[in-house]
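Next comes upload04.txt, with compact mmCIF, C-alpha atoms.
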# COMPACT_ATOMS: atom_id res chain seq x y z
CA MET G 1 80.43 -0.86 -113.42
CA SER G 2 81.02 -4.31 -111.93
CA ARG G 3 78.48 -5.99 -109.66
CA ILE G 4 80.77 -5.50 -106.64
CA LYS G 5 81.27 -1.79 -107.36
CA ARG G 6 77.52 -1.30 -107.83
CA ALA G 7 76.87 -3.04 -104.51
CA LYS G 8 79.40 -0.82 -102.73
CA ALA G 9 77.93 2.31 -104.27
CA LYS G 10 74.44 1.26 -103.24
CA LYS G 11 75.59 0.54 -99.68
CA ALA G 12 77.36 3.91 -99.41
CA ASN G 13 74.16 5.79 -100.22
CA PRO G 14 71.15 4.56 -98.21
CA PHE G 15 68.80 7.05 -99.89
CA SER G 16 66.99 5.91 -103.03
CA ALA G 17 67.30 7.95 -106.22
CA ARG G 18 63.78 9.34 -105.89
CA ASN G 19 64.65 10.73 -102.46
CA GLN G 20 67.86 12.45 -103.55
CA ASP G 21 66.18 15.78 -104.34
CA TYR G 22 64.44 15.80 -100.97
CA TYR G 23 67.67 14.90 -99.18
CA ARG G 24 69.48 17.70 -101.04
CA TYR G 25 66.76 20.13 -99.92
CA LEU G 26 67.13 19.02 -96.29
CA THR G 27 70.90 19.43 -96.50
CA GLU G 28 70.65 22.92 -97.95
CA LYS G 29 68.21 23.95 -95.21
CA GLY G 30 70.53 22.62 -92.53
CA TYR G 31 68.21 19.85 -91.34
CA VAL G 32 70.58 17.10 -92.43
CA GLN G 33 74.31 16.85 -92.01
CA ALA G 34 76.28 14.36 -94.10
CA SER G 35 79.26 12.59 -92.54
CA GLY G 36 80.93 10.34 -95.08
CA ALA G 37 78.61 7.50 -96.04
CA ARG G 38 76.60 7.94 -92.85
CA LYS G 39 73.80 10.45 -92.53
CA GLU G 40 73.26 12.45 -89.36
CA PHE G 41 69.98 14.25 -88.89
CA LYS G 42 69.71 17.47 -86.94
CA VAL G 43 66.64 18.14 -84.84
CA LYS G 44 65.55 21.52 -83.58
CA PRO G 45 63.27 22.02 -80.55
CA ILE G 46 59.92 23.64 -81.26
CA GLY G 47 59.41 24.63 -77.64
CA ILE G 48 60.07 23.76 -74.02
CA ILE G 49 58.11 21.88 -71.35
CA HIS G 50 57.78 23.54 -67.94
CA SER G 51 56.59 21.05 -65.34
CA SER G 52 56.55 20.70 -61.56
CA LEU G 53 58.85 17.66 -61.81
CA LYS G 54 62.29 19.04 -61.01
CA GLU G 55 64.15 15.78 -60.33
CA SER G 56 63.99 12.23 -61.64
CA ALA G 57 63.79 10.70 -58.17
CA GLY G 58 60.15 10.21 -57.22
CA SER G 59 58.77 11.21 -60.61
CA PRO G 60 56.04 9.15 -62.30
CA LEU G 61 57.30 6.65 -64.86
CA GLN G 62 54.60 7.16 -67.49
CA PRO G 63 51.60 9.47 -68.12
CA ARG G 64 49.30 6.69 -66.84
CA MET G 65 50.98 7.12 -63.46
CA ALA G 66 51.08 10.92 -63.63
CA GLU G 67 47.37 11.69 -63.36
CA GLY G 68 46.89 15.31 -62.34
CA VAL G 69 50.53 16.36 -62.84
CA LYS G 70 50.32 19.57 -64.86
CA ALA G 71 52.73 21.39 -67.15
CA THR G 72 52.87 24.42 -69.40
CA ILE G 73 54.46 24.10 -72.82
CA THR G 74 55.84 27.20 -74.50
CA ILE G 75 56.00 26.92 -78.29
CA TYR G 76 58.59 29.09 -79.99
CA LYS G 77 57.10 31.92 -82.03
CA LYS G 78 58.15 30.61 -85.45
CA PHE G 79 56.15 27.41 -84.87
CA THR G 80 52.92 28.74 -83.29
CA ARG G 81 50.98 28.72 -86.58
CA GLY G 82 51.28 24.94 -86.52
CA LEU G 83 48.98 24.80 -83.46
CA LYS G 84 45.91 25.52 -85.59
CA ASP G 85 43.13 22.93 -85.00
CA LEU G 86 45.04 21.13 -82.22
CA LYS G 87 42.59 22.25 -79.52
CA GLY G 88 40.01 19.84 -80.91
CA PHE G 89 41.94 16.86 -79.51
CA GLU G 90 41.64 15.62 -75.93
CA ARG G 91 45.09 14.06 -75.86
CA VAL G 92 48.33 14.72 -77.71
CA TRP G 93 51.65 12.96 -78.11
CA LEU G 94 54.69 14.90 -76.97
CA ILE G 95 57.98 13.91 -78.60
CA TYR G 96 60.91 15.30 -76.66
CA TRP G 97 64.62 15.07 -75.85
CA PHE G 98 65.83 13.41 -72.63
CA HIS G 99 68.07 16.36 -71.79
CA ARG G 100 69.33 14.93 -68.51
CA ALA G 101 70.02 11.38 -69.64
CA GLY G 102 73.45 9.84 -69.19
CA ALA G 103 75.60 8.20 -71.86
CA PRO G 104 73.86 5.76 -74.23
CA LYS G 105 73.82 2.11 -73.17
CA LEU G 106 72.60 -0.92 -75.07
CA TRP G 107 71.90 -2.87 -71.89
CA VAL G 108 70.10 -1.27 -68.96
CA VAL G 109 68.43 -2.34 -65.74
CA PRO G 110 65.01 -0.71 -66.24
CA TYR G 111 62.53 0.49 -63.69
CA MET G 112 60.26 -2.29 -62.39
CA ASP G 113 62.99 -4.89 -62.90
CA ASN G 114 66.37 -6.03 -61.56
CA LYS G 115 67.70 -7.70 -64.71
CA SER G 116 69.64 -6.23 -67.61
CA ARG G 117 67.48 -5.73 -70.69
CA GLY G 118 68.20 -4.52 -74.19
CA VAL G 119 67.52 -0.79 -74.22
CA PHE G 120 65.11 -1.14 -77.15
CA ALA G 121 62.96 -3.45 -75.01
CA THR G 122 62.64 -0.69 -72.40
CA ARG G 123 61.74 2.98 -72.17
CA ALA G 124 64.99 3.94 -70.49
CA PRO G 125 66.25 7.41 -71.52
CA THR G 126 69.90 6.37 -72.02
CA ARG G 127 69.35 5.50 -75.68
CA PRO G 128 71.50 6.06 -78.80
CA ASN G 129 69.02 8.83 -79.64
CA PRO G 130 67.54 10.00 -76.31
CA ILE G 131 64.02 10.67 -77.59
CA GLY G 132 60.97 10.24 -75.38
CA ILE G 133 57.23 10.12 -76.07
CA SER G 134 54.34 10.85 -73.74
CA CYS G 135 50.60 10.89 -74.34
CA VAL G 136 49.24 13.75 -72.23
CA ARG G 137 45.86 15.40 -71.71
CA LEU G 138 45.46 18.73 -73.50
CA LEU G 139 43.60 21.17 -71.24
CA SER G 140 43.77 24.36 -73.27
CA ILE G 141 45.79 26.46 -75.69
CA LYS G 142 46.34 30.17 -75.17
CA GLY G 143 48.51 31.83 -77.77
CA SER G 144 51.87 30.09 -77.80
CA LYS G 145 51.22 28.15 -74.59
CA LEU G 146 49.74 24.69 -74.17
CA TYR G 147 48.37 23.66 -70.79
CA VAL G 148 48.52 19.91 -70.26
CA SER G 149 48.16 17.32 -67.50
CA ASP G 150 49.17 13.71 -66.82
CA VAL G 151 52.75 14.73 -67.54
CA ASP G 152 55.83 12.62 -66.74
CA CYS G 153 58.42 15.00 -68.28
CA LEU G 154 61.01 16.82 -66.19
CA ASP G 155 61.11 20.61 -66.08
CA ASP G 156 62.86 22.35 -69.00
CA THR G 157 62.52 19.33 -71.31
CA PRO G 158 63.11 20.36 -74.96
CA LEU G 159 60.05 19.61 -77.09
CA LEU G 160 60.71 18.22 -80.58
CA ASP G 161 57.21 17.63 -81.91
CA ILE G 162 53.49 17.33 -81.12
CA LYS G 163 51.04 14.90 -82.69
CA PRO G 164 47.34 14.38 -81.94
CA TYR G 165 46.34 11.20 -80.15
CA VAL G 166 43.78 9.35 -82.28
CA PRO G 167 42.27 6.20 -80.68
CA LYS G 168 41.52 4.66 -84.07
CA PHE G 169 45.21 4.97 -84.95
CA ASP G 170 47.02 4.60 -81.65
CA SER G 171 45.15 2.01 -79.59
CA PHE G 172 45.79 -1.68 -80.23
CA PRO G 173 44.65 -4.66 -78.12
CA VAL G 174 47.63 -6.97 -77.53
CA LYS G 175 48.23 -10.39 -76.00
CA ARG G 176 51.96 -10.00 -75.32
CA TRP G 177 53.88 -7.18 -73.67
CA GLY G 178 57.19 -8.80 -72.88
CA TRP G 179 58.98 -8.87 -69.54
CA LEU G 180 56.63 -6.19 -68.18
CA GLU G 181 53.77 -8.68 -68.01
CA LYS G 182 55.31 -10.04 -64.79
CA SER G 183 57.13 -6.93 -63.57
CA PHE G 184 54.56 -4.16 -63.99
CA ASP G 185 54.02 -2.11 -60.84
CA LYS G 186 51.67 0.86 -61.13
CA LYS G 187 53.08 2.32 -57.89
CA ALA G 188 56.69 2.35 -59.12
CA LYS G 189 58.54 5.68 -59.22
CA ALA G 190 61.62 6.87 -61.07
CA ASP G 191 65.04 7.31 -59.47
CA GLU G 192 68.33 8.81 -60.67
CA ARG G 193 69.85 5.70 -62.25
CA PHE G 194 69.71 7.19 -65.76
CA GLU G 195 70.84 10.72 -64.88
CA ALA G 196 74.04 11.97 -66.49
CA LYS G 197 75.55 12.71 -63.06
CA ALA G 198 74.33 9.54 -61.37
CA LYS G 199 76.80 6.88 -60.23
CA THR G 200 75.43 3.59 -61.46
CA LYS G 201 76.63 0.05 -61.93
CA LYS G 202 78.67 -0.26 -65.11
CA GLU G 203 76.60 -1.76 -67.88
CA VAL G 204 77.33 -2.87 -71.43
Represent the structure contained in this file as structure tokens.
Amino acid sequence: MSRIKRAKAKKANPFSARNQDYYRYLTEKGYVQASGARKEFKVKPIGIIHSSLKESAGSPLQPRMAEGVKATITIYKKFTRGLKDLKGFERVWLIYWFHRAGAPKLWVVPYMDNKSRGVFATRAPTRPNPIGISCVRLLSIKGSKLYVSDVDCLDDTPLLDIKPYVPKFDSFPVKRWGWLEKSFDKKAKADERFEAKAKTKKEV
């Protein structure tokens, strides 16, 4: 095989040889869907978040600004065994799907600012993959239900995963935090600019 053909073959398959068996397993189980040379991954919710936040407008922007806002998370039966030992952690990361986000945009005008920013430099929900993360306080676990507080998720948010918050892993002192250094406003609230039904200024 010529050098050019080898390069094309390598480019067409982004998975290394040692990962081929694992990728084949994921495909057979339905977790991965192949589309030509591109790979599309399927995600399945493990539960649903029920919170008192019904609308984007007026909602807290981050868990730091959502102190005392409570929610109940229902974990689907097939995943409840995975909750073992989680109650020993004070905080957990929720990874979820922005189910009410509008079409993906690479430039957005984020909360706390009036300038267009690259979406990856923001936490706007209108992302190529609308996945959100929130570090919430775990109050208790009863059966398949988790009771949490400091929640910034809207009601009926699909939950994709849970991970324990570990200070030794997750807390880093930093000297730079981008455009937010000058724009941060702890009193800021969300609005409907990123809702699927919202009428917003056309952005790139």
Here CA of Pro130 in chain G and CA of Phe98 in chain G stand apart by 5.3 Å
Query - 10 Å contact set for Ser183 in chain G, all atoms listed in the file, chain neighbours under 2 positions out, as a PyMOL selection string - result: chain G and resi 111-114+178-181+185-186
Judged by only C-alpha atoms, the minimum distance to Gly132 in chain G among G:Lys145, G:Lys87, G:Arg117, G:His99 is found for G:His99
What separation in Å, quoted to one decimal, exists between CA of Glu67 in chain G and CA of Lys187 in chain G?
->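 Pair CA of Glu67 in chain G / CA of Lys187 in chain G returns 12.3 Å.
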Separating CA of Thr122 in chain G from CA of Lys163 in chain G, to the nearest tenth of an Å, is a gap of 22.0 Å
message = List the spatial neighbours of Leu53 in chain G as number ranges by chain - criterion: any atom at most 8 Å away, only C-alpha atoms, same-chain residues fewer than 3 positions off excluded.
response = G: 56, 59, 152-155
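Counting all atoms listed in the file, the residue from G:Asp156, G:Val92, G:Ala121, G:Asn129 that sits nearest to Asp170 in chain G is G:Val92.
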Exercise. Residues at most 12 Å from Lys78 in chain G, counting all atoms listed in the file, excluding those fewer than 2 positions away in the same chain, as a PyMOL selection string?
Worked result: chain G and resi 44-47+74-76+80-83+144
*Top pick for closest residue to Ala71 in chain G, considering G:Lys105, G:Arg100, G:Lys182, G:His50 and counting only C-alpha atoms*: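 When distances to Ala71 in chain G are compared using only C-alpha atoms, the smallest one comes from G:His50.
With all atoms listed in the file as the atoms that count, the minimum distance from Lys70 in chain G to the choices G:Lys42, G:Lys84, G:Arg137, G:Arg24 is reached by G:Arg137.
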Would you list the contacts of Phe194 in chain G as a count of residues only, taking every protein, DNA or RNA residue within 7 Å and counting all atoms listed in the file, but skipping same-chain residues closer than 3 positions in sequence? 5
Just add N, CA, C and O atoms to range 132-156 of chain G and send it as a CSV table (one decimal), in the coordinates of the input.
chain,number,residue,atom,x,y,z
G,132,GLY,N,62.1,10.8,-76.2
G,132,GLY,CA,61.0,10.2,-75.4
G,132,GLY,C,59.6,10.6,-76.0
G,132,GLY,O,59.5,11.5,-76.8
G,133,ILE,N,58.6,9.8,-75.6
G,133,ILE,CA,57.2,10.1,-76.1
G,133,ILE,C,56.3,10.0,-74.9
G,133,ILE,O,56.5,9.1,-74.0
G,134,SER,N,55.3,10.9,-74.8
G,134,SER,CA,54.3,10.8,-73.7
G,134,SER,C,53.0,11.3,-74.3
G,134,SER,O,52.9,12.3,-75.0
G,135,CYS,N,52.0,10.5,-73.9
G,135,CYS,CA,50.6,10.9,-74.3
G,135,CYS,C,49.9,11.6,-73.2
G,135,CYS,O,49.6,11.0,-72.2
G,136,VAL,N,49.7,12.9,-73.3
G,136,VAL,CA,49.2,13.8,-72.2
G,136,VAL,C,47.9,14.3,-72.6
G,136,VAL,O,47.4,14.3,-73.7
G,137,ARG,N,47.2,14.8,-71.5
G,137,ARG,CA,45.9,15.4,-71.7
G,137,ARG,C,46.0,16.9,-72.0
G,137,ARG,O,46.7,17.6,-71.3
G,138,LEU,N,45.4,17.3,-73.1
G,138,LEU,CA,45.5,18.7,-73.5
G,138,LEU,C,44.3,19.5,-72.8
G,138,LEU,O,43.1,19.2,-73.1
G,139,LEU,N,44.6,20.4,-72.0
G,139,LEU,CA,43.6,21.2,-71.2
G,139,LEU,C,43.2,22.4,-72.0
G,139,LEU,O,42.0,22.7,-72.2
G,140,SER,N,44.1,23.2,-72.5
G,140,SER,CA,43.8,24.4,-73.3
G,140,SER,C,45.0,24.9,-74.0
G,140,SER,O,46.1,24.5,-73.7
G,141,ILE,N,44.7,25.8,-75.0
G,141,ILE,CA,45.8,26.5,-75.7
G,141,ILE,C,45.5,28.0,-75.6
G,141,ILE,O,44.4,28.4,-76.0
G,142,LYS,N,46.5,28.7,-75.2
G,142,LYS,CA,46.3,30.2,-75.2
G,142,LYS,C,47.6,30.8,-75.8
G,142,LYS,O,48.7,30.8,-75.3
G,143,GLY,N,47.4,31.3,-77.0
G,143,GLY,CA,48.5,31.8,-77.8
G,143,GLY,C,49.6,30.8,-78.1
G,143,GLY,O,49.3,29.8,-78.7
G,144,SER,N,50.8,31.0,-77.6
G,144,SER,CA,51.9,30.1,-77.8
G,144,SER,C,52.0,29.1,-76.7
G,144,SER,O,53.0,28.3,-76.7
G,145,LYS,N,51.1,29.0,-75.8
G,145,LYS,CA,51.2,28.2,-74.6
G,145,LYS,C,50.2,27.0,-74.6
G,145,LYS,O,49.0,27.3,-74.9
G,146,LEU,N,50.6,25.8,-74.3
G,146,LEU,CA,49.7,24.7,-74.2
G,146,LEU,C,49.7,24.3,-72.7
G,146,LEU,O,50.8,24.2,-72.0
G,147,TYR,N,48.5,24.1,-72.2
G,147,TYR,CA,48.4,23.7,-70.8
G,147,TYR,C,47.9,22.2,-70.8
G,147,TYR,O,46.9,21.9,-71.4
G,148,VAL,N,48.7,21.3,-70.2
G,148,VAL,CA,48.5,19.9,-70.3
G,148,VAL,C,48.6,19.3,-68.9
G,148,VAL,O,49.1,19.9,-67.9
G,149,SER,N,48.1,18.1,-68.8
G,149,SER,CA,48.2,17.3,-67.5
G,149,SER,C,48.5,15.9,-67.8
G,149,SER,O,48.6,15.5,-69.0
G,150,ASP,N,48.7,15.1,-66.7
G,150,ASP,CA,49.2,13.7,-66.8
G,150,ASP,C,50.6,13.7,-67.5
G,150,ASP,O,50.8,12.9,-68.4
G,151,VAL,N,51.4,14.5,-67.0
G,151,VAL,CA,52.8,14.7,-67.5
G,151,VAL,C,53.8,14.0,-66.7
G,151,VAL,O,53.9,14.2,-65.5
G,152,ASP,N,54.7,13.3,-67.4
G,152,ASP,CA,55.8,12.6,-66.7
G,152,ASP,C,57.2,13.2,-67.1
G,152,ASP,O,58.2,12.6,-66.9
G,153,CYS,N,57.2,14.4,-67.8
G,153,CYS,CA,58.4,15.0,-68.3
G,153,CYS,C,59.0,15.9,-67.2
G,153,CYS,O,58.3,16.6,-66.5
G,154,LEU,N,60.3,15.9,-67.1
G,154,LEU,CA,61.0,16.8,-66.2
G,154,LEU,C,61.0,18.3,-66.7
G,154,LEU,O,60.8,18.5,-67.9
G,155,ASP,N,61.1,19.2,-65.8
G,155,ASP,CA,61.1,20.6,-66.1
G,155,ASP,C,62.2,21.0,-67.1
G,155,ASP,O,63.3,20.4,-67.0
G,156,ASP,N,61.9,21.9,-68.0
G,156,ASP,CA,62.9,22.4,-69.0
G,156,ASP,C,63.2,21.3,-70.1
G,156,ASP,O,64.2,21.4,-70.8
